[in-house]
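The structure under discussion appears below in the form of structure tokens.
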Amino acid sequence: MKTGIKNDFTLMAILLIPVCVAINMVGFQIAQLLRLPIFLDSIGTLVIAMVAGPWVALVAGLITNLINSIFNPVYLPFSLVSMAVGLAAGFLSMKGMFKKVWKVIIAGIILAFVSTIIAAPITVILFGGVTGSTGGAITAVLLASGQQIWTAVFSTQFIQEIGDKLLSAFICFLIVRNMSDRYLSKLNYGQIYMKD
Amino acid sequence: MNSVIKISNMSYKYPTGKVDVLKNINIEIEKGLLYAVVGPNGGGKTTFCNVLRGFIPHFYRGDLRGEVLVNGKNIVESTLGELSLSVGFVFQNPFIQISGVKETVFEEVAYGLENLGVHPDEIRTRVEAILKLVKIEHLRDKNPFELSGGQRQRVALASIIVMEPDILVIDEPTSQLDPQGTEEVFEIIQIMKEKGKTIILVEHKIELIAEFADRVILLHDGEIVMEGTTQDVLSDEKALSYDVMLPQYAMLGLELKKRGVPLRKIPITEEQAVEEMNWWMAERGVRI
Amino acid sequence: MSQAAKTNYILNLYPTTKLLFTLFIALSVFIVPTYWYAYAMLPVCLIIAIAAGQGKEFITLVRNGLLILLVFIFLMQAFFYPGAQILWQAGILKITQEGILYGLNMTSRILAIGSAFILFFRITSVKDFVYSLEKLGLPPKGAYVVLATLQIIPEMKKQTSVIMDAQKTRGVETEGTMMVRAKAFLPTISPLILSSLASTEERAITLESRAFSAPVKKTHLYEIYKTKHDTVVRIGMLVALLILIAGRILL
């Protein structure tokens, strides 16, 4: 099957975008309802990255943040983070990084790094190091103990991201493993996860 | 013969399948006739419909052999976009059969025409006419997401026939409908037939097939095992061996024949049965 | 909004005119150096929102989305921004004049731009916005994705509550320690994901049946138009922008 930015936006891929954006939102909703300390708001982006490739996932990440920013504009600059996570997850998937548990763990760590590297500068430059009450508090403590702002924000961000991305990556690994070959065969990157 | 679809030596296997789900299909679909496709579940009816509309091989991929010509053009060489101009397609699940971007039934029905680039004024006229025809005028301002299964099925049907394709492929349109709704759908199908459309209809309700269809195709285990006029197929006991019910009047006729009643033909509809009984009784000197 | 849209002249403006207004505010807070100007953009947006009949929603969103964040940002700058003019000190904690000024500048701009964005989506229906973008060259597939997403989210959220209730009655623990609650996550979300993913296949067939990829130029039943109000507002913004720039250079 032909892949790449020109061929990846098949009708199936396009129709997966709304669904996966909604999954991002619903993941966040459930995590909140269960009072979990992590966001779990990128599951849809990771799933679409695995089966429809990096470019489609990039668009899904972008749209997730655009729609969130309708109600809270703070999300808007962080679109870059979601896009980068989608892109990175797509490339990791192409390298087979979501096929075995130990690889999934590495993939989760890499995604947490990618996310932190893009998010931290936005947080520091646009929001003076704060984007939420929990993160803000951690950053404040680190700053008070004499850390530099960049180190403080990077550390805070990474602490928040690592658990989230590890768990998200693992959930997506389980979900895609449960997809039927018949379904996967209609997706540009489904072949990676087909059983035979 | 003026055929709009010509299928020769066609076999098909799903990309993940081990065996062919359609085997060596040969058939010509004649313009303006209503074809009923019958057969047990899993016999290949829906797959057959997907081939006619080009979803196989363009969407489901897999291995399609042989040749399928729609209006003289091989479907493998046509795109799905091109085929949407000539073949309309309505399938079973009414819950998913909405565009997902429109807020009212009126806009929903208009969606296909927008995609075809029809002028807005003409769209309005055509949608009005179809809403009336399909008897869903009262739903025009409702959100498609909030309709019942039966209502959605009629909206789905309206959304396709408003596009006026020459060929209609309709896969079990009445599975979600009560008898009243079923009758209304068949009324619409009848009107489409009168307009000269070629219709391929998958349907389980055999009495209605006996009444409305011109020809019957019996698919069993991926093969066309019987094909012919509705009269011929639905009065043939052989159909029973392929797990297809015959109309109750045909069953009655076959039973009478077995018991030595010399009918001129096996009736398949109520009207024919009455006619046949009247003839038989008149023969025997009975006056009603 | 559709009812009011027929009569209210703010709601009636063309989507890109309203977007230009948002961009105008975002740009102007960087042209005008004082934080008073940027803070003043909040009441300006509020007045417009009230005039459009959206005052209450506007205030709620600003309060929920921005208020706490801004307080945090301000405190953070006040305490930790490097500066020499110390106003208050206790141990390693100190508040500096520079920190307060930087905090005021930063928060005023975030508030102004954030308010302008919130205002935009309060007075513009996304449908109109997407439609105006399509006219500017957004591919129909892109427009479809945005509109379909907006319709699918409330549907999925509804399904989520249904599934969560079902999980509870089936004995999946949704209360208790964090591990217990975390374990409830997967059985809740995976049926939702698998069923919604599976439906994309039939949705694709539906769209193809409706000539989604027909090789012709699409038309639109729904139309929005620019009026002379749009021209007036656009010229007004351009003049205001020029005055601000001139003021910045001259003063």
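A note on labels: chains of the structure tokens are A, B, ... as shown, every chain counts residues from 1, and ligands are counted from 1 in their shown order.
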Return as a PyMOL selection string the residues belonging to chain A that are within 8 Å of chain C, counting only C-alpha atoms.
-> chain A and resi 11-12+14-19+21-23+25-27+30-31+34-36+63+70-74+126-133+136+140+143-144+171+175+179+183
Output for the residues just chosen: C-alpha atoms as a PDB file, in the first residue's frame:
```pdb
ATOM      1  CA  LEU A  11     -11.433   8.476   3.235  1.00  0.00           C
ATOM      2  CA  MET A  12     -11.071   5.972   6.070  1.00  0.00           C
ATOM      3  CA  ILE A  14     -10.260  11.213   7.267  1.00  0.00           C
ATOM      4  CA  LEU A  15     -13.240   9.615   8.981  1.00  0.00           C
ATOM      5  CA  LEU A  16     -11.025   8.333  11.776  1.00  0.00           C
ATOM      6  CA  ILE A  17      -9.960  11.868  12.664  1.00  0.00           C
ATOM      7  CA  PRO A  18     -13.303  12.987  14.203  1.00  0.00           C
ATOM      8  CA  VAL A  19     -13.596   9.688  16.047  1.00  0.00           C
ATOM      9  CA  VAL A  21     -10.454  13.522  18.448  1.00  0.00           C
ATOM     10  CA  ALA A  22     -13.603  12.517  20.315  1.00  0.00           C
ATOM     11  CA  ILE A  23     -11.686   9.640  21.942  1.00  0.00           C
ATOM     12  CA  MET A  25     -11.854  14.182  24.799  1.00  0.00           C
ATOM     13  CA  VAL A  26     -13.651  11.164  26.207  1.00  0.00           C
ATOM     14  CA  GLY A  27     -10.392   9.777  27.630  1.00  0.00           C
ATOM     15  CA  ILE A  30     -13.240   9.462  32.039  1.00  0.00           C
ATOM     16  CA  ALA A  31      -9.913  10.218  33.717  1.00  0.00           C
ATOM     17  CA  LEU A  34     -12.395   8.541  37.933  1.00  0.00           C
ATOM     18  CA  ARG A  35     -10.350  11.312  39.594  1.00  0.00           C
ATOM     19  CA  LEU A  36      -7.084  10.042  38.109  1.00  0.00           C
ATOM     20  CA  ILE A  63      -7.962  19.545  15.639  1.00  0.00           C
ATOM     21  CA  ILE A  70     -13.053  27.138  21.556  1.00  0.00           C
ATOM     22  CA  PHE A  71     -13.789  26.946  25.261  1.00  0.00           C
ATOM     23  CA  ASN A  72     -10.317  27.611  26.640  1.00  0.00           C
ATOM     24  CA  PRO A  73      -7.873  29.529  24.436  1.00  0.00           C
ATOM     25  CA  VAL A  74      -4.902  28.398  26.572  1.00  0.00           C
ATOM     26  CA  LEU A 126       3.941  32.499  26.898  1.00  0.00           C
ATOM     27  CA  PHE A 127       2.779  31.659  30.394  1.00  0.00           C
ATOM     28  CA  GLY A 128       5.759  32.448  32.592  1.00  0.00           C
ATOM     29  CA  GLY A 129       6.131  28.804  33.576  1.00  0.00           C
ATOM     30  CA  VAL A 130       2.528  28.106  34.588  1.00  0.00           C
ATOM     31  CA  THR A 131      -0.307  26.378  32.786  1.00  0.00           C
ATOM     32  CA  GLY A 132      -2.249  24.671  35.531  1.00  0.00           C
ATOM     33  CA  SER A 133      -2.562  24.738  39.281  1.00  0.00           C
ATOM     34  CA  GLY A 136       2.311  25.547  38.690  1.00  0.00           C
ATOM     35  CA  ALA A 140       6.953  27.098  42.217  1.00  0.00           C
ATOM     36  CA  LEU A 143      11.933  27.615  41.769  1.00  0.00           C
ATOM     37  CA  ALA A 144      11.808  28.366  45.487  1.00  0.00           C
ATOM     38  CA  ILE A 171      -3.719   1.307  26.444  1.00  0.00           C
ATOM     39  CA  ILE A 175      -6.675  -1.588  21.771  1.00  0.00           C
ATOM     40  CA  MET A 179      -8.584  -4.855  16.055  1.00  0.00           C
ATOM     41  CA  TYR A 183     -10.531  -3.781   9.693  1.00  0.00           C
TER      42      TYR A 183
END
```
All residues 10 Å or closer to Gly4 of chain A, only C-alpha atoms, same chain fewer than 3 positions away omitted, as a PyMOL selection string | chain A and resi 7-9+53-56+188
Any chance you could list, as a PDB file with N, CA, C and O atoms, in the first residue's frame, the residues in segment 8-90 of chain B that come up alpha helix (DSSP H) when DSSP is run on the backbone?
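Wrote part-v8.pdb, looks like this:
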```
ATOM      1  N   LYS B  45     -24.905 -11.942  -0.471  1.00  0.00           N
ATOM      2  CA  LYS B  45     -25.790 -10.896  -1.010  1.00  0.00           C
ATOM      3  C   LYS B  45     -25.185  -9.500  -0.851  1.00  0.00           C
ATOM      4  O   LYS B  45     -25.132  -8.724  -1.802  1.00  0.00           O
ATOM      5  N   THR B  46     -24.741  -9.210   0.378  1.00  0.00           N
ATOM      6  CA  THR B  46     -24.197  -7.877   0.630  1.00  0.00           C
ATOM      7  C   THR B  46     -22.893  -7.663  -0.139  1.00  0.00           C
ATOM      8  O   THR B  46     -22.653  -6.590  -0.694  1.00  0.00           O
ATOM      9  N   THR B  47     -22.080  -8.698  -0.198  1.00  0.00           N
ATOM     10  CA  THR B  47     -20.835  -8.611  -0.966  1.00  0.00           C
ATOM     11  C   THR B  47     -21.144  -8.315  -2.438  1.00  0.00           C
ATOM     12  O   THR B  47     -20.495  -7.483  -3.070  1.00  0.00           O
ATOM     13  N   PHE B  48     -22.164  -8.994  -2.962  1.00  0.00           N
ATOM     14  CA  PHE B  48     -22.592  -8.789  -4.346  1.00  0.00           C
ATOM     15  C   PHE B  48     -22.961  -7.316  -4.566  1.00  0.00           C
ATOM     16  O   PHE B  48     -22.535  -6.693  -5.541  1.00  0.00           O
ATOM     17  N   CYS B  49     -23.727  -6.742  -3.633  1.00  0.00           N
ATOM     18  CA  CYS B  49     -24.110  -5.322  -3.729  1.00  0.00           C
ATOM     19  C   CYS B  49     -22.866  -4.432  -3.740  1.00  0.00           C
ATOM     20  O   CYS B  49     -22.786  -3.460  -4.492  1.00  0.00           O
ATOM     21  N   ASN B  50     -21.917  -4.764  -2.873  1.00  0.00           N
ATOM     22  CA  ASN B  50     -20.705  -3.956  -2.793  1.00  0.00           C
ATOM     23  C   ASN B  50     -19.905  -3.975  -4.093  1.00  0.00           C
ATOM     24  O   ASN B  50     -19.240  -3.004  -4.429  1.00  0.00           O
ATOM     25  N   VAL B  51     -19.982  -5.076  -4.817  1.00  0.00           N
ATOM     26  CA  VAL B  51     -19.311  -5.136  -6.116  1.00  0.00           C
ATOM     27  C   VAL B  51     -20.022  -4.212  -7.102  1.00  0.00           C
ATOM     28  O   VAL B  51     -19.390  -3.440  -7.812  1.00  0.00           O
ATOM     29  N   LEU B  52     -21.361  -4.269  -7.114  1.00  0.00           N
ATOM     30  CA  LEU B  52     -22.124  -3.464  -8.072  1.00  0.00           C
ATOM     31  C   LEU B  52     -21.841  -1.980  -7.904  1.00  0.00           C
ATOM     32  O   LEU B  52     -21.830  -1.217  -8.860  1.00  0.00           O
ATOM     33  N   PHE B  55     -17.598  -0.625  -4.331  1.00  0.00           N
ATOM     34  CA  PHE B  55     -16.899  -0.614  -3.027  1.00  0.00           C
ATOM     35  C   PHE B  55     -15.913  -1.769  -2.966  1.00  0.00           C
ATOM     36  O   PHE B  55     -14.903  -1.703  -2.288  1.00  0.00           O
ATOM     37  N   ILE B  56     -16.273  -2.819  -3.675  1.00  0.00           N
ATOM     38  CA  ILE B  56     -15.307  -3.859  -3.999  1.00  0.00           C
ATOM     39  C   ILE B  56     -14.956  -3.630  -5.464  1.00  0.00           C
ATOM     40  O   ILE B  56     -15.856  -3.576  -6.290  1.00  0.00           O
ATOM     41  N   PRO B  57     -13.731  -3.414  -5.824  1.00  0.00           N
ATOM     42  CA  PRO B  57     -12.502  -3.516  -5.029  1.00  0.00           C
ATOM     43  C   PRO B  57     -11.983  -2.184  -4.484  1.00  0.00           C
ATOM     44  O   PRO B  57     -10.939  -2.182  -3.850  1.00  0.00           O
ATOM     45  N   HIS B  58     -12.696  -1.059  -4.738  1.00  0.00           N
ATOM     46  CA  HIS B  58     -12.078   0.230  -4.414  1.00  0.00           C
ATOM     47  C   HIS B  58     -11.979   0.501  -2.924  1.00  0.00           C
ATOM     48  O   HIS B  58     -11.096   1.231  -2.484  1.00  0.00           O
ATOM     49  N   LEU B  80     -14.645   5.652  -7.333  1.00  0.00           N
ATOM     50  CA  LEU B  80     -15.875   5.658  -6.525  1.00  0.00           C
ATOM     51  C   LEU B  80     -16.676   6.922  -6.791  1.00  0.00           C
ATOM     52  O   LEU B  80     -17.897   6.912  -6.806  1.00  0.00           O
ATOM     53  N   GLY B  81     -15.982   8.020  -6.998  1.00  0.00           N
ATOM     54  CA  GLY B  81     -16.653   9.286  -7.283  1.00  0.00           C
ATOM     55  C   GLY B  81     -17.470   9.205  -8.563  1.00  0.00           C
ATOM     56  O   GLY B  81     -18.618   9.629  -8.613  1.00  0.00           O
ATOM     57  N   GLU B  82     -16.878   8.631  -9.597  1.00  0.00           N
ATOM     58  CA  GLU B  82     -17.600   8.484 -10.874  1.00  0.00           C
ATOM     59  C   GLU B  82     -18.802   7.572 -10.726  1.00  0.00           C
ATOM     60  O   GLU B  82     -19.891   7.858 -11.234  1.00  0.00           O
ATOM     61  N   LEU B  83     -18.600   6.460 -10.000  1.00  0.00           N
ATOM     62  CA  LEU B  83     -19.702   5.512  -9.841  1.00  0.00           C
ATOM     63  C   LEU B  83     -20.863   6.113  -9.052  1.00  0.00           C
ATOM     64  O   LEU B  83     -22.011   5.719  -9.227  1.00  0.00           O
ATOM     65  N   SER B  84     -20.552   7.090  -8.175  1.00  0.00           N
ATOM     66  CA  SER B  84     -21.632   7.698  -7.396  1.00  0.00           C
ATOM     67  C   SER B  84     -22.613   8.431  -8.302  1.00  0.00           C
ATOM     68  O   SER B  84     -23.737   8.704  -7.916  1.00  0.00           O
ATOM     69  N   LEU B  85     -22.194   8.771  -9.506  1.00  0.00           N
ATOM     70  CA  LEU B  85     -23.096   9.444 -10.433  1.00  0.00           C
ATOM     71  C   LEU B  85     -24.098   8.474 -11.044  1.00  0.00           C
ATOM     72  O   LEU B  85     -25.198   8.862 -11.421  1.00  0.00           O
ATOM     73  N   SER B  86     -23.728   7.198 -11.155  1.00  0.00           N
ATOM     74  CA  SER B  86     -24.626   6.272 -11.849  1.00  0.00           C
ATOM     75  C   SER B  86     -25.279   5.233 -10.947  1.00  0.00           C
ATOM     76  O   SER B  86     -26.365   4.756 -11.253  1.00  0.00           O
TER      77      SER B  86
END
```
Show me, as a tab-separated table, the residues of chain A having an atom within 8 Å of chain B, each with the closest atom pair and its distance in Å, using only C-alpha atoms.
```
residue	atom	partner	partner_atom	distance
A:Asp181	CA	B:Thr16	CA	6.5
A:Arg182	CA	B:Thr16	CA	5.7
A:Ser185	CA	B:Pro15	CA	7.0
A:Lys186	CA	B:Tyr60	CA	6.6
```
Store the residues of this selection in a file with C-alpha atoms, as a PDB file, in the first residue's frame.
```
ATOM      1  CA  ASP A 181      -7.362  -8.051  10.424  1.00  0.00           C
ATOM      2  CA  ARG A 182     -10.341  -7.278   8.222  1.00  0.00           C
ATOM      3  CA  SER A 185      -6.533  -4.216   6.097  1.00  0.00           C
ATOM      4  CA  LYS A 186      -8.455  -1.094   5.105  1.00  0.00           C
TER       5      LYS A 186
END
```
Find the residues near segment 112-118 of chain A: any atom within 8 Å, counting only C-alpha atoms, skip ones fewer than 2 places away on the same chain, and give them as a ChimeraX atom specification.
-> /A:80-82,84-85,88,108-110,120-122,154,157-158,161-162,165-166
Residues of chain B near chain C: apply a cut-off of 7 Å, count only C-alpha atoms, and supply the list as a ChimeraX atom specification.
-> /B:80-82,84,88-89,96-101,112,114-120,160
Write the residues of the selection above to a file with N, CA, C and O atoms, as a short mmCIF file (atom, residue, chain, number, x, y, z; two decimals), in the first residue's frame.
```cif
data_model
loop_
_atom_site.label_atom_id
_atom_site.label_comp_id
_atom_site.auth_asym_id
_atom_site.auth_seq_id
_atom_site.Cartn_x
_atom_site.Cartn_y
_atom_site.Cartn_z
N LEU B 80 -14.65 5.65 -7.33
CA LEU B 80 -15.88 5.66 -6.53
C LEU B 80 -16.68 6.92 -6.79
O LEU B 80 -17.90 6.91 -6.81
N GLY B 81 -15.98 8.02 -7.00
CA GLY B 81 -16.65 9.29 -7.28
C GLY B 81 -17.47 9.21 -8.56
O GLY B 81 -18.62 9.63 -8.61
N GLU B 82 -16.88 8.63 -9.60
CA GLU B 82 -17.60 8.48 -10.87
C GLU B 82 -18.80 7.57 -10.73
O GLU B 82 -19.89 7.86 -11.23
N SER B 84 -20.55 7.09 -8.17
CA SER B 84 -21.63 7.70 -7.40
C SER B 84 -22.61 8.43 -8.30
O SER B 84 -23.74 8.70 -7.92
N GLY B 88 -26.78 4.36 -7.19
CA GLY B 88 -27.15 4.77 -5.83
C GLY B 88 -27.11 3.56 -4.91
O GLY B 88 -27.39 2.44 -5.34
N PHE B 89 -26.75 3.77 -3.64
CA PHE B 89 -26.56 2.64 -2.75
C PHE B 89 -27.17 2.94 -1.38
O PHE B 89 -26.84 3.93 -0.74
N ILE B 96 -26.04 4.43 10.96
CA ILE B 96 -24.78 5.02 10.54
C ILE B 96 -24.95 5.76 9.20
O ILE B 96 -24.11 6.50 8.78
N GLN B 97 -26.13 5.55 8.58
CA GLN B 97 -26.30 6.08 7.22
C GLN B 97 -26.67 7.55 7.16
O GLN B 97 -27.62 7.94 6.48
N ILE B 98 -25.97 8.37 7.95
CA ILE B 98 -26.16 9.80 7.83
C ILE B 98 -24.80 10.44 7.69
O ILE B 98 -23.79 9.88 8.09
N SER B 99 -24.80 11.62 7.08
CA SER B 99 -23.53 12.25 6.76
C SER B 99 -22.74 12.59 8.02
O SER B 99 -21.52 12.58 8.01
N GLY B 100 -23.43 12.91 9.11
CA GLY B 100 -22.72 13.29 10.33
C GLY B 100 -22.31 14.75 10.38
O GLY B 100 -21.63 15.16 11.30
N VAL B 101 -22.69 15.53 9.38
CA VAL B 101 -22.34 16.95 9.42
C VAL B 101 -23.55 17.85 9.25
O VAL B 101 -23.41 19.07 9.25
N GLY B 112 -26.06 15.07 -0.74
CA GLY B 112 -25.56 14.42 -1.95
C GLY B 112 -25.58 15.36 -3.15
O GLY B 112 -24.67 15.36 -3.98
N GLU B 114 -25.40 18.63 -3.06
CA GLU B 114 -24.33 19.62 -2.88
C GLU B 114 -23.02 19.04 -3.40
O GLU B 114 -22.25 19.71 -4.09
N ASN B 115 -22.79 17.78 -3.04
CA ASN B 115 -21.55 17.12 -3.48
C ASN B 115 -21.51 16.94 -4.99
O ASN B 115 -20.44 16.87 -5.58
N LEU B 116 -22.69 16.85 -5.61
CA LEU B 116 -22.74 16.70 -7.07
C LEU B 116 -22.67 18.06 -7.77
O LEU B 116 -22.68 18.14 -8.98
N GLY B 117 -22.64 19.13 -6.97
CA GLY B 117 -22.51 20.46 -7.55
C GLY B 117 -23.78 20.99 -8.19
O GLY B 117 -23.74 21.83 -9.09
N VAL B 118 -24.94 20.53 -7.69
CA VAL B 118 -26.21 21.01 -8.23
C VAL B 118 -26.49 22.42 -7.70
O VAL B 118 -26.14 22.74 -6.56
N HIS B 119 -27.09 23.28 -8.51
CA HIS B 119 -27.37 24.65 -8.09
C HIS B 119 -28.35 24.67 -6.91
O HIS B 119 -29.34 23.93 -6.90
N PRO B 120 -28.08 25.52 -5.89
CA PRO B 120 -28.92 25.54 -4.68
C PRO B 120 -30.43 25.63 -4.94
O PRO B 120 -31.20 24.97 -4.25
N ILE B 160 -30.58 9.17 -1.16
CA ILE B 160 -30.00 8.55 -2.36
C ILE B 160 -30.85 8.81 -3.58
O ILE B 160 -30.35 9.23 -4.63
#
```
So which residues touch Ile206 of chain B within 8 Å, counting only C-alpha atoms, skipping near sequence neighbours fewer than 6 positions away, as a list in words?
-> Met245, Leu246 and Pro247 of chain B
Contact residues around Ile25 of chain C with only C-alpha atoms at 12 Å, ignoring same-chain residues under 3 positions, as an MDAnalysis selection string | chainID C and resid 18:22 28:32 37:42 44:45 108:117 119:120 237:238 240:241 244
Please, what distance in Å, to one decimal, runs between atom CA of Ile106 of chain A and atom CA of Lys195 of chain A?
-> 22.6 Å
Step one, run DSSP on the backbone; step two, keep only residues of segment 55-164 of chain C assigned to strand (DSSP E or B); then write them as a PyMOL selection string.
-> chain C and resi 86-90+93-96
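Closest approach to Val71 of chain C from the set C:Val162, C:Val233, C:Ala246, C:Ile100 is made by C:Ile100, with distances taken over only C-alpha atoms.
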Would you please work out which residue, of A:Ile38, A:Leu174, A:Cys20, A:Leu167, is nearest to Ile105 of chain A when using only C-alpha atoms?
-> A:Leu167
